[in-house]
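Right, one structure below, let's go through it.
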Amino acid sequence: MIPTGTKGIIFDMDGVLWLSNRIHAQAFSQVLAANRLPEVDYRFLAGRRTDQIFRELLRDQGRHYSEQEVQRLTQQKQALARELLMANPPVDPQCSEVILALSRRMKVALASSASRAGVALFLQVSGLAPVFSVVLCGDDVQRAKPDPEIYLLALAKLGLCAREALVVEDSIHGVQAAIQAGIPVIVKNGAIPLDIPKTPDIHAFIDRLRELVHDA
């Protein structure tokens, strides 16, 4: 499953290790309705940074807005999502087994568009913080996925070139970011149908995390 010569594997978090897409979709839906913004299909939001989403939504509606308004909406959505995630933490049941197995063979990193607090909650609940060689969140970059910045930064911190690494993603924006960084991608199928064709940049599609270590 994992290409020969891979020295590091970089995981997205939401939808891959943390089965949180339904919760994030619910939080967005509630905040959009409460602030008289139109409903948006979550497939077009997944993998992106929350403040950039609200900035674009306000702009598309032709509404005059300030950065304070963007931050208010962002914090409202993030607080609601954290509340829902804490009530029922959705760690993938195969997450710990797979991450620990991979960490014995190569460097393991986390590169998520989520906020620092969101990533910290996942690490706390999963108990995997000591296992990751690198942890990056949306606050660590200026340009969020689909821009490749977060994956290029992950490569630099891992000390690897693109072809020595592998990304595991579940969103179209995350897949685009990895491909632009030149890193092969494994796409984890999930709640959000992507309809992505198999290309040379996509190494494989998986339904379960355990498929990553079936040859271990």
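Chain labels run A, B, ... following the order of the structure tokens; each chain numbers its residues from 1, and ligands are numbered from 1 in the order shown.
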Give me the residues near A:Leu80 as a compact mmCIF listing (two decimals) with C-alpha atoms, in the first residue's frame, where near means some atom within 12 Å (using only C-alpha atoms) and where sequence neighbours in that chain fewer than 6 positions away do not count.
```txt
# COMPACT_ATOMS: atom_id res chain seq x y z
CA ILE A 23 -20.14 17.71 13.31
CA HIS A 24 -18.38 20.50 11.40
CA ALA A 25 -21.18 20.52 8.82
CA GLN A 26 -23.73 20.86 11.63
CA ALA A 27 -21.79 23.70 13.28
CA PHE A 28 -21.45 25.59 9.99
CA SER A 29 -25.15 25.11 9.24
CA GLN A 30 -26.23 26.51 12.62
CA VAL A 31 -23.91 29.51 12.45
CA LEU A 73 -18.25 34.11 13.04
CA THR A 74 -15.11 31.97 13.10
CA MET A 86 -16.13 17.05 23.27
CA ALA A 87 -19.59 15.59 23.86
CA GLY A 118 -9.21 21.82 17.48
```
| query | What residues in stretch 67-186 of chain A get the DSSP label helix (DSSP H, G or I)? Please answer as a VMD selection string. | reply | chain A and resid 67 to 87 95 to 103 116 to 126 129 to 131 138 to 140 149 to 158 162 to 164 172 to 180
How close does stretch 35-135 of chain A get to stretch 11-14 of chain A? List, as CSV, each residue of stretch 35-135 of chain A within 9 Å, its nearest atom pair and the distance in Å to one decimal, counting only C-alpha atoms.
```
residue,atom,partner,partner_atom,distance
A:Ala46,CA,A:Asp14,CA,8.4
A:Gly47,CA,A:Asp14,CA,7.5
A:Val108,CA,A:Phe11,CA,7.7
A:Ala109,CA,A:Phe11,CA,6.1
A:Leu110,CA,A:Phe11,CA,4.9
A:Ala111,CA,A:Asp12,CA,5.3
A:Ser112,CA,A:Asp12,CA,5.1
A:Ser113,CA,A:Asp12,CA,8.1
A:Ala114,CA,A:Asp14,CA,7.8
A:Val119,CA,A:Met13,CA,7.9
A:Phe122,CA,A:Met13,CA,8.4
```
Just the residues within 9 Å of stretch 161-165 of chain A, please, counting only C-alpha atoms, with nothing from its chain fewer than 6 positions along; format it as a compact mmCIF listing (two decimals) with C-alpha atoms, in the first residue's frame.
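Output saved as part28.txt:
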```txt
# COMPACT_ATOMS: atom_id res chain seq x y z
CA GLY A 5 11.14 4.49 -0.15
CA THR A 6 8.52 6.45 1.82
CA LYS A 7 10.19 7.99 4.85
CA GLY A 8 7.32 10.05 6.20
CA ILE A 9 3.52 10.06 6.11
CA ILE A 10 1.50 13.25 6.64
CA LEU A 152 5.55 22.29 2.05
CA LEU A 155 8.15 18.56 4.41
CA ALA A 181 3.28 20.29 -3.12
CA GLY A 182 4.36 17.37 -5.30
CA ILE A 183 3.52 14.73 -2.69
CA PRO A 184 1.79 11.45 -3.62
```
| request: Please identify all polymer residues within 10 Å of A:Ala120, counting only C-alpha atoms, omitting same-chain residues fewer than 4 positions from it, and present them as a PyMOL selection string. | output: chain A and resi 114-116+124-126+129+135+137
| message | If I take atom CA of A:Glu97 and atom CA of A:Ala204, how far is one from the other in Å, to one decimal? | response |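 Interatomic distance, atom CA of A:Glu97 to atom CA of A:Ala204: 20.3 Å.
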| message | Can you tell me which residues surround A:Arg210 at a distance of at most 9 Å, considering only C-alpha atoms, apart from same-chain residues fewer than 4 positions away, and format the answer as a list in words? | response |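 My reading of the contact set: Gln94, Cys95, Glu97, Val98, Ile206 and His214 of chain A.
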| In terms of the shortest atom-to-atom distance over only C-alpha atoms, which of A:Ile150, A:Leu32, A:Leu212, A:Ile202 is closest to A:Val175? |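 Residue with the minimum atom-to-atom distance to A:Val175: A:Ile202.
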| said: Using only C-alpha atoms, which protein or nucleic acid residues come within 12 Å of A:Leu58? Drop anything in the same chain fewer than 2 positions from it, and give the result as a list in words. | reply: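 Once the adjacent positions are removed, what remains is Leu32, Asn35, Arg36, Leu37, Pro38, Asp51, Gln52, Ile53, Phe54, Arg55, Glu56, Asp60, Gln61, Gly62, Arg63, His64, Tyr65, Ser66, Glu67, Glu69, Val70 and Leu73 of chain A.
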